[in-house]
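A.B. asks: Below are the structure tokens for one structure; questions will follow.
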Amino acid sequence: MVRRRRLEPFTLASAVVALVLVAFVLVPVVSMMVEAGAGFLGQALRQNDVRRSLWLTGSSALIATGLVFLCGVPLAYLLARRHFPGKGLVEGLIDLPIVFPHTAAGVALLTVYGRDGVLGRLLAPLGLTFTDSVAGIVVAMMFVSLPYLVDTAREAFALVDPRYEQVARTLGSSPAGAFLRVSLPQAWRGVLAGALLMWGRGISEFGAVAILAYNPKVISVLVFERFEGFGLHSALPPAVLIVIIAFVVFVLLRAFLVPRRRGTGREDDR
Amino acid sequence: MVRRRRLEPFTLASAVVALVLVAFVLVPVVSMMVEAGAGFLGQALRQNDVRRSLWLTGSSALIATGLVFLCGVPLAYLLARRHFPGKGLVEGLIDLPIVFPHTAAGVALLTVYGRDGVLGRLLAPLGLTFTDSVAGIVVAMMFVSLPYLVDTAREAFALVDPRYEQVARTLGSSPAGAFLRVSLPQAWRGVLAGALLMWGRGISEFGAVAILAYNPKVISVLVFERFEGFGLHSALPPAVLIVIIAFVVFVLLRAFLVPRRRGTGREDDR
Amino acid sequence: MIGLSGLCVRGGRFVVGPVDLQLAAGDYCGLVGPSGAGKTLLLQAVAGVRSPMAGQVLIDGQDLTNTPPEKRGVGLVFQDGLLFPHLSVAGNIGYGLRRRDAASLDGLVRDLGVEDLMKRSPGSLSGGERQRVALARALAPGPRVLLLDEPLSAVDGEAREELRDMLQRATRERGVTVLHVTHDVAEVFSLADTCAVLVDGGLRQVGPPSDVLRRPVDEDVARLFGARNVLRATRQPDGDGRTVLLAGGSPLRVVQRVDAAEVLLVVRPEDVTLALPAGVASVRAVAGAGGVGVADGAMGGASEPNILVGRVERVVSHGGHSLVRVMVPPAIDVSVSSREVASLSLEPGTDVELRFGAQMVWVLPAQG
Amino acid sequence: MIGLSGLCVRGGRFVVGPVDLQLAAGDYCGLVGPSGAGKTLLLQAVAGVRSPMAGQVLIDGQDLTNTPPEKRGVGLVFQDGLLFPHLSVAGNIGYGLRRRDAASLDGLVRDLGVEDLMKRSPGSLSGGERQRVALARALAPGPRVLLLDEPLSAVDGEAREELRDMLQRATRERGVTVLHVTHDVAEVFSLADTCAVLVDGGLRQVGPPSDVLRRPVDEDVARLFGARNVLRATRQPDGDGRTVLLAGGSPLRVVQRVDAAEVLLVVRPEDVTLALPAGVASVRAVAGAGGVGVADGAMGGASEPNILVGRVERVVSHGGHSLVRVMVPPAIDVSVSSREVASLSLEPGTDVELRFGAQMVWVLPAQG
């Protein structure tokens, strides 16, 4: 089916409808950039609230990613390697935030971390409050984006043949040694891609953050507030800025993941 | 590494940190349900604005999914089967909305579909406006959730050995016939799972919808507005309701996808 | 009838061809070569599921190079059967038929012994059953040409022999022209009328399998067909052109006239007789192929026996027969029955005598 | 030294065992069986990467059943090498060493011919090179036991023979006890001192390969080792217990005394001589294994030749030798050199005579 000289009608028809979808995505992206113009970017970075919000968003997402990384990588490894009762349940629970509506996630988190929530009351004496605070932003980002890190890392570990670890064990490695010296180095790209994906999802989160911690304002909240208060052209600078950052993350992500995909793809049979 | 009698320290440590993450997801979900209580659900359904919003959200997401299905399935098939120049670019563009911050997506869509946007102006004479209308909700849902359908369907097609189609061709099928009689029946579960995932993402969308078409209010917007206006307990009924729907979608999704995963998993070597 | 002329096919960076091949109607051709030789690419080009870079594919005299596969009248069977998993066996076999012609299908279904499988699902079949169903599916629409890609490789033991016999019977009875790709030379001998040898993307030799075995065109083909001894030799300066000198200096008589100064000699391990020197009972080498003694007699003295003296370097058992490496020099591998290895107490260091007729030596031009 | 006692291992729903096996220090054991027999499960239990359901694993007399793999002193090599892709060849070989003992590594690296590969990355190696590096990696820490899972299967042709020779030399020199899993019987003969046959999760037979070949314990083992003829027979009512009657009524002399009413006879195709009847020159069957004629002589008349008359049913060429099926009845497969098939003009319908000594018939109890 490779390199047929004439395009078959079926392929042609598929290509045409497919192009409609591609255009549907492309047009708004281009239009937004054109509308904003080249000067807008510098202008956006010169606005104090945008700069502060950018820093807040990026660092909160980094903290969220770091916290999930510590627990999520061992979890991903267990899910890729072990069978245990209730494994399906754990997998389901970890994936749940993907379909969990984000405003509802904010509400759910509020029942735990709010002023009247279990953890909210428990941690308040320690000076840790979650409503309208960086801690709240971090918790909201963690909740909605942790599946991306865990799933990507799990897939990366699953691609490492477990017999590598068996060989490492016979060569004297403990289970931890085999993980650190053999499995993690092979799954590294995937784990990093998962972390990057999670960070990318974190910086763009709106619904859950807006409910749990509307203030201090992350960039998504800032875009929303400016749009509501001053209209489209006021919202454009921070919006374009965050899109550009997301785009850079995305390009990095594909650079990490594409070589792996190629490696597992089927070679042309001879 | 299967069924070792004693738990190794490394595995034990991994399991403990992994449990922390599981609890982090589980606790807010349970807490939200407990807070809402059993009676809340009936109460939520008896509220007119909740019922109306629920119907609006579900049907808009269905229309969005249907529209993307028509173009996305052929696109997914092309991406799984063909190599063509610029393929990586098309794949990247289709995946872009995953990392595109949703409020920024709303802003971008507004530059095209808003009253001053290219398509907004073009289609207004036909009575089709996108700001504060069902059409706007549909467009916003399509944009943010189309990657889920296309990616899942593409993976499903990629799992079908292209040699099945080669055999079908030699047995007299045209390219379209081989697609309909051989590839689609085998990829069917994955394609359906993709549609379900897209619908699930669609009903929970907030950021893009809130910017492009705040009214009529989809369920996420309703939750946000009630929370802002009347506080947590007013927001809980619609929030719990949408979470339950998302949960059902999610269970269906796993029922579709898990058998496929099992099929491609590595059998125990003998 | 299949005709390939100047056919070039590309797969990634690898190019096969140009290939020229003519197969008569009803011919069974075994396309053999090491893995990575480009056999499957060639098969795909004939099937029409891969477009060639250049050249033509003709079936029954028609140029079908640009005809889509569904209009070529070819059947295709892969190693792993590839039955459509969402259809029953009956659904698979009937896939290529517009209206089920029950009568014609009955004969096919019986010939391939799949009558009792018709309602089963592909997942429940054994490897051999799957391949028989795949074969029935390919033959059901009555193709002129059947293309097989390693059809026996996924099946073992007796099921494999049964499948091979059914394959042979079903294709011969229907007069279908077959192109059978395999890496296993033994398959070619048990099935094919014609053997085509593909190495590194080039078609090296075409002919009856026994011809290729006896008269390989180059060292690659000789080794692929199990001739383990490919020896460098030089022409004896003042001879009749039928005596050559091995690297170690020993003279050898050959049947072909040697004109070049340097040549390669191909000697099959089963064509050499091994004996203990002088006075000890000589035994005939066996196993693998060809018993020399009787064949000599049958050829009425045409053979001039070559005798070489050497020392056993090692003995490797393969079950019933063993390979004995004798350093003459050069090293020559001889196939000997394991029983004789024991009765002659062959072991590294034993001095032995090797005998083989001049007609057992095949002469090739030395390669650059 | 490896000792397995009552070892049971589970993989999914499949259970292997109980297996009892004793291997002396320095023994090379070929664990052979059809695919799906449970060979790899057993190997994993010995390596300690899979916990047995029951039974014990002893190495050098120590019970290591609950010892983790890193403390067992075993080396493990898989079919596909499984070199760590993120390390160089040197990194792979040095993985199991706490401090690089360069001197001891030098010998190993030379023995396996990997000196020139040390700086390469695993991805750039050929199949044979990869396996040699995997072997060096497994042997570097000086294990007492080496476990090999189809180590030669991924390598073809001459690279395979080279690898086999290096494997043999490296393990013998170091006196390491080897358990080598394979589905290929020929590998066992070329490498192993002891052969263990696993079928359907049960250990059927243990012994030197030639013993298993000549005296299989049951039909499965006989067929696995290539004895194609397993014939039902009954004891002749009033004989000396050394004559049996084939299904078709023909009497056969055997060496073992038959007491049961029904038995199975195992006759290897290469142990039967095929001749044209009466007056036409007889030829000795060759190929595969064992030349009967000479062995008869060597055994000093111990053989009483059986003669059966039949008709050729079919001839299947495998290159140098052919399998001729003769209907006596029953059908008996005979291995004949392809040259003799031609010189005797054997084809379906030809009447022939089969001869084989009584000692070529191995008697098994009839199975229920």
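Ligands are numbered from 1 in the order shown, residues from 1 within each chain, and chains are lettered A, B, ... in the order they appear in the structure tokens.
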Looking only at the backbone, which of the residues in stretch 2-249 of chain A does DSSP tag as alpha helix (DSSP H), as a PyMOL selection string?

C.D. replies: chain A and resi 9-36+39-46+48-81+87-99+102-113+118-123+134-158+162-170+175-178+184-203+207-212+219-230+232-249

A.B. asks: Would you kindly report the residues of chain D within 9 Å of chain B, using only C-alpha atoms, as a VMD selection string?

C.D. replies: chain D and resid 11 to 12 14 35 to 42 48 to 52 66

A.B. asks: Using only C-alpha atoms, which chain B residues lie at most 6 Å away from chain A, written as a list of chain:residue names?

C.D. replies: B:Phe10, B:Ser14, B:Val17, B:Ala18, B:Pro28, B:Met32, B:Cys71, B:Pro74, B:Leu75, B:Val99, B:Pro101, B:Thr103, B:Ala104, B:Ala108, B:Leu109, B:Thr111, B:Val112, B:Ala176, B:Arg201, B:Ser204, B:Ser220, B:Ala239, B:Ala246

A.B. asks: Got time to write the residues from that selection, all heavy atoms, as a short mmCIF file (atom, residue, chain, number, x, y, z; two decimals), in the first residue's frame?

C.D. replies:
```cif
data_model
loop_
_atom_site.label_atom_id
_atom_site.label_comp_id
_atom_site.auth_asym_id
_atom_site.auth_seq_id
_atom_site.Cartn_x
_atom_site.Cartn_y
_atom_site.Cartn_z
N PHE B 10 12.41 -2.74 48.58
CA PHE B 10 12.23 -1.79 47.49
C PHE B 10 10.78 -1.73 47.05
O PHE B 10 10.20 -0.65 46.88
CB PHE B 10 13.13 -2.20 46.32
CG PHE B 10 12.92 -1.39 45.08
CD1 PHE B 10 13.25 -0.04 45.04
CD2 PHE B 10 12.38 -1.98 43.94
CE1 PHE B 10 13.06 0.69 43.89
CE2 PHE B 10 12.19 -1.24 42.80
CZ PHE B 10 12.53 0.10 42.77
N SER B 14 8.18 1.40 47.46
CA SER B 14 7.45 1.91 46.31
C SER B 14 5.96 1.91 46.58
O SER B 14 5.24 2.86 46.26
CB SER B 14 7.72 1.04 45.07
OG SER B 14 9.08 0.96 44.78
N VAL B 17 4.87 4.90 48.95
CA VAL B 17 4.76 6.22 48.33
C VAL B 17 3.66 6.24 47.29
O VAL B 17 2.97 7.24 47.10
CB VAL B 17 6.09 6.72 47.72
CG1 VAL B 17 7.11 6.95 48.82
CG2 VAL B 17 6.63 5.80 46.65
N ALA B 18 3.47 5.10 46.61
CA ALA B 18 2.41 5.03 45.60
C ALA B 18 1.05 5.21 46.25
O ALA B 18 0.17 5.88 45.70
CB ALA B 18 2.48 3.70 44.86
N PRO B 28 -10.47 13.46 47.99
CA PRO B 28 -11.41 14.50 47.57
C PRO B 28 -12.68 13.93 46.94
O PRO B 28 -13.77 14.48 47.14
CB PRO B 28 -10.62 15.30 46.51
CG PRO B 28 -9.20 14.99 46.78
CD PRO B 28 -9.16 13.61 47.34
N MET B 32 -16.23 14.67 48.64
CA MET B 32 -17.26 15.40 47.91
C MET B 32 -18.59 14.66 47.96
O MET B 32 -19.65 15.26 48.16
CB MET B 32 -16.79 15.53 46.46
CG MET B 32 -17.77 16.22 45.54
SD MET B 32 -17.19 15.98 43.86
CE MET B 32 -17.97 17.34 43.05
N CYS B 71 -14.84 13.71 10.37
CA CYS B 71 -13.55 14.06 9.78
C CYS B 71 -12.39 13.33 10.46
O CYS B 71 -11.37 13.05 9.84
CB CYS B 71 -13.29 15.56 9.90
SG CYS B 71 -14.58 16.55 9.15
N PRO B 74 -11.44 9.29 9.33
CA PRO B 74 -10.57 9.20 8.14
C PRO B 74 -9.16 9.75 8.41
O PRO B 74 -8.17 9.16 7.97
CB PRO B 74 -11.29 10.06 7.10
CG PRO B 74 -12.72 10.04 7.52
CD PRO B 74 -12.70 9.98 9.02
N LEU B 75 -9.08 10.85 9.16
CA LEU B 75 -7.76 11.40 9.46
C LEU B 75 -6.94 10.41 10.28
O LEU B 75 -5.76 10.18 9.99
CB LEU B 75 -7.92 12.72 10.23
CG LEU B 75 -6.62 13.36 10.72
CD1 LEU B 75 -5.71 13.69 9.54
CD2 LEU B 75 -6.89 14.61 11.54
N VAL B 99 -2.26 20.58 25.01
CA VAL B 99 -1.48 21.45 25.88
C VAL B 99 -1.90 22.92 25.78
O VAL B 99 -1.39 23.75 26.51
CB VAL B 99 0.04 21.35 25.56
CG1 VAL B 99 0.56 19.98 25.91
CG2 VAL B 99 0.33 21.71 24.13
N PRO B 101 -3.64 26.03 26.66
CA PRO B 101 -4.40 26.46 27.83
C PRO B 101 -5.83 26.81 27.40
O PRO B 101 -6.02 27.48 26.38
CB PRO B 101 -3.65 27.70 28.30
CG PRO B 101 -2.29 27.56 27.73
CD PRO B 101 -2.43 26.82 26.46
N THR B 103 -8.32 28.68 28.52
CA THR B 103 -8.81 30.07 28.40
C THR B 103 -8.19 30.72 27.16
O THR B 103 -8.87 31.45 26.43
CB THR B 103 -8.46 30.90 29.64
OG1 THR B 103 -7.11 30.61 30.01
CG2 THR B 103 -9.37 30.55 30.80
N ALA B 104 -6.92 30.37 26.88
CA ALA B 104 -6.28 30.89 25.67
C ALA B 104 -6.96 30.33 24.44
O ALA B 104 -7.10 31.03 23.42
CB ALA B 104 -4.79 30.53 25.66
N ALA B 108 -8.44 32.42 21.41
CA ALA B 108 -8.09 32.15 20.02
C ALA B 108 -9.34 31.92 19.19
O ALA B 108 -9.48 32.45 18.07
CB ALA B 108 -7.16 30.93 19.94
N LEU B 109 -10.27 31.15 19.70
CA LEU B 109 -11.50 30.87 18.96
C LEU B 109 -12.31 32.16 18.76
O LEU B 109 -12.93 32.37 17.72
CB LEU B 109 -12.34 29.82 19.69
CG LEU B 109 -11.79 28.40 19.63
CD1 LEU B 109 -12.54 27.48 20.58
CD2 LEU B 109 -11.86 27.86 18.20
N THR B 111 -11.15 35.07 18.28
CA THR B 111 -10.60 35.89 17.19
C THR B 111 -11.11 35.41 15.83
O THR B 111 -11.03 36.13 14.85
CB THR B 111 -9.06 35.88 17.17
OG1 THR B 111 -8.61 34.56 16.89
CG2 THR B 111 -8.47 36.35 18.50
N VAL B 112 -11.61 34.18 15.78
CA VAL B 112 -12.13 33.66 14.51
C VAL B 112 -13.66 33.69 14.48
O VAL B 112 -14.27 34.13 13.50
CB VAL B 112 -11.64 32.21 14.29
CG1 VAL B 112 -12.24 31.65 12.99
CG2 VAL B 112 -10.13 32.15 14.24
N ALA B 176 -11.58 1.25 -0.11
CA ALA B 176 -12.69 1.58 0.79
C ALA B 176 -13.29 0.30 1.37
O ALA B 176 -13.63 0.23 2.55
CB ALA B 176 -13.75 2.38 0.04
N ARG B 201 -14.64 14.44 27.70
CA ARG B 201 -13.89 15.68 27.83
C ARG B 201 -14.76 16.88 27.48
O ARG B 201 -14.65 17.95 28.08
CB ARG B 201 -12.66 15.66 26.90
CG ARG B 201 -11.49 14.88 27.40
CD ARG B 201 -10.86 15.50 28.64
NE ARG B 201 -10.32 16.82 28.37
CZ ARG B 201 -10.69 17.92 28.99
NH1 ARG B 201 -11.61 17.89 29.94
NH2 ARG B 201 -10.15 19.08 28.69
N SER B 204 -17.10 18.17 30.25
CA SER B 204 -16.47 18.77 31.42
C SER B 204 -15.71 20.05 31.09
O SER B 204 -15.09 20.64 31.96
CB SER B 204 -15.54 17.76 32.09
OG SER B 204 -14.53 17.38 31.20
N SER B 220 -20.39 23.07 33.73
CA SER B 220 -19.17 23.58 34.38
C SER B 220 -19.31 25.05 34.73
O SER B 220 -18.89 25.49 35.80
CB SER B 220 -17.96 23.42 33.45
OG SER B 220 -17.53 22.10 33.43
N ALA B 239 -22.14 19.83 40.58
CA ALA B 239 -20.78 19.27 40.52
C ALA B 239 -20.83 17.75 40.69
O ALA B 239 -20.23 16.99 39.93
CB ALA B 239 -19.89 19.91 41.59
N ALA B 246 -19.47 11.67 34.42
CA ALA B 246 -18.09 11.45 33.95
C ALA B 246 -17.60 10.09 34.40
O ALA B 246 -16.91 9.37 33.66
CB ALA B 246 -17.17 12.55 34.49
#
```

A.B. asks: Got a sec: who's within 10 Å of stretch 124-127 of chain B, counting only C-alpha atoms, leaving out chain neighbours fewer than 3 positions off, as a list in words?

C.D. replies: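 My list of contacting residues is Tyr113, Gly114, Arg115, Leu119, Gly120, Arg121 and Phe130 of chain B.
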
A.B. asks: Just checking: using only C-alpha atoms, which residue out of D:Arg72, D:His86, D:Arg164, D:Arg204 ends up closest to chain C?

C.D. replies: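 The shortest atom-to-atom distance to chain C comes from D:Arg164.
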
A.B. asks: Would you give me, as a PyMOL selection string, the residues in stretch 101-332 of chain C that DSSP reads as strand (DSSP E or B)?

C.D. replies: chain C and resi 145-149+177-182+194-199+202-207+229-235+243-246+251-253+262-267+273-275+282+305-317+321-327+331-332

A.B. asks: Find the spatial neighbours of D:Ala247, counting only C-alpha atoms, within a cut-off of 7 Å - ignore same-chain residues fewer than 6 positions away - and output them as a VMD selection string.

C.D. replies: chain D and resid 232 to 233 330

A.B. asks: Measuring between only C-alpha atoms, which one of C:Ala140, C:Val244, C:Ala54, C:Val181 shows the shortest distance to C:Ala261?

C.D. replies: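 Of all the options, C:Val244 lies closest to C:Ala261.
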
A.B. asks: Would you please work out which residue, of C:Gln44, C:Gln62, C:Ser338, C:Asn92, is nearest to chain D when using only C-alpha atoms?

C.D. replies: C:Ser338

A.B. asks: Give me the residues within 8 Å of C:His183 as a list in words, counting only C-alpha atoms and dropping any in the same chain fewer than 3 places off.

C.D. replies: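 In the requested form, the answer reads Val32, Gly33, Pro34, Ser35 and Glu150 of chain C.
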
A.B. asks: I need the chosen residues saved as a compact mmCIF listing (two decimals), in the first residue's frame, with C-alpha atoms.

C.D. replies:
```txt
# COMPACT_ATOMS: atom_id res chain seq x y z
CA VAL C 32 14.51 -18.86 -1.50
CA GLY C 33 17.06 -16.61 0.14
CA PRO C 34 18.46 -15.59 3.51
CA SER C 35 16.34 -13.27 5.64
CA GLU C 150 6.70 -18.38 4.48
```

A.B. asks: Have a look at C:Glu313, C:Glu270, C:Asp333, C:Asp80 and name the one nearest to chain D; count only C-alpha atoms.

C.D. replies: C:Glu270

A.B. asks: Quick one: residues within 10 Å of A:Ser60, only C-alpha atoms counted, chain neighbours fewer than 3 positions away excluded, as JSON, numbers by chain?

C.D. replies: {"A": [54, 55, 56, 57, 63, 64, 65, 66, 134, 135, 136, 137, 138, 139, 140, 141, 142, 199, 202, 203, 218]}

A.B. asks: May I have the selected residues written with C-alpha atoms, as an mmCIF file, in the first residue's frame?

C.D. replies:
```cif
data_model
loop_
_atom_site.group_PDB
_atom_site.id
_atom_site.type_symbol
_atom_site.label_atom_id
_atom_site.label_comp_id
_atom_site.auth_asym_id
_atom_site.auth_seq_id
_atom_site.Cartn_x
_atom_site.Cartn_y
_atom_site.Cartn_z
ATOM 1 C CA LEU A 54 3.802 33.929 34.682
ATOM 2 C CA TRP A 55 6.348 33.284 37.416
ATOM 3 C CA LEU A 56 3.659 32.100 39.813
ATOM 4 C CA THR A 57 2.135 29.717 37.254
ATOM 5 C CA ILE A 63 6.323 22.180 42.510
ATOM 6 C CA ALA A 64 3.212 20.153 41.615
ATOM 7 C CA THR A 65 5.179 18.120 39.078
ATOM 8 C CA GLY A 66 8.013 17.522 41.528
ATOM 9 C CA VAL A 134 0.035 29.079 46.275
ATOM 10 C CA ALA A 135 -0.515 25.798 48.154
ATOM 11 C CA GLY A 136 -4.059 25.676 46.774
ATOM 12 C CA ILE A 137 -2.819 26.313 43.250
ATOM 13 C CA VAL A 138 -0.294 23.491 43.604
ATOM 14 C CA VAL A 139 -2.881 21.047 44.953
ATOM 15 C CA ALA A 140 -5.324 21.871 42.141
ATOM 16 C CA MET A 141 -2.628 21.458 39.498
ATOM 17 C CA MET A 142 -1.504 18.171 41.030
ATOM 18 C CA TRP A 199 3.934 20.611 33.796
ATOM 19 C CA GLY A 202 -0.433 22.327 35.050
ATOM 20 C CA ILE A 203 0.429 25.780 33.690
ATOM 21 C CA VAL A 218 -2.321 32.159 37.589
#
```
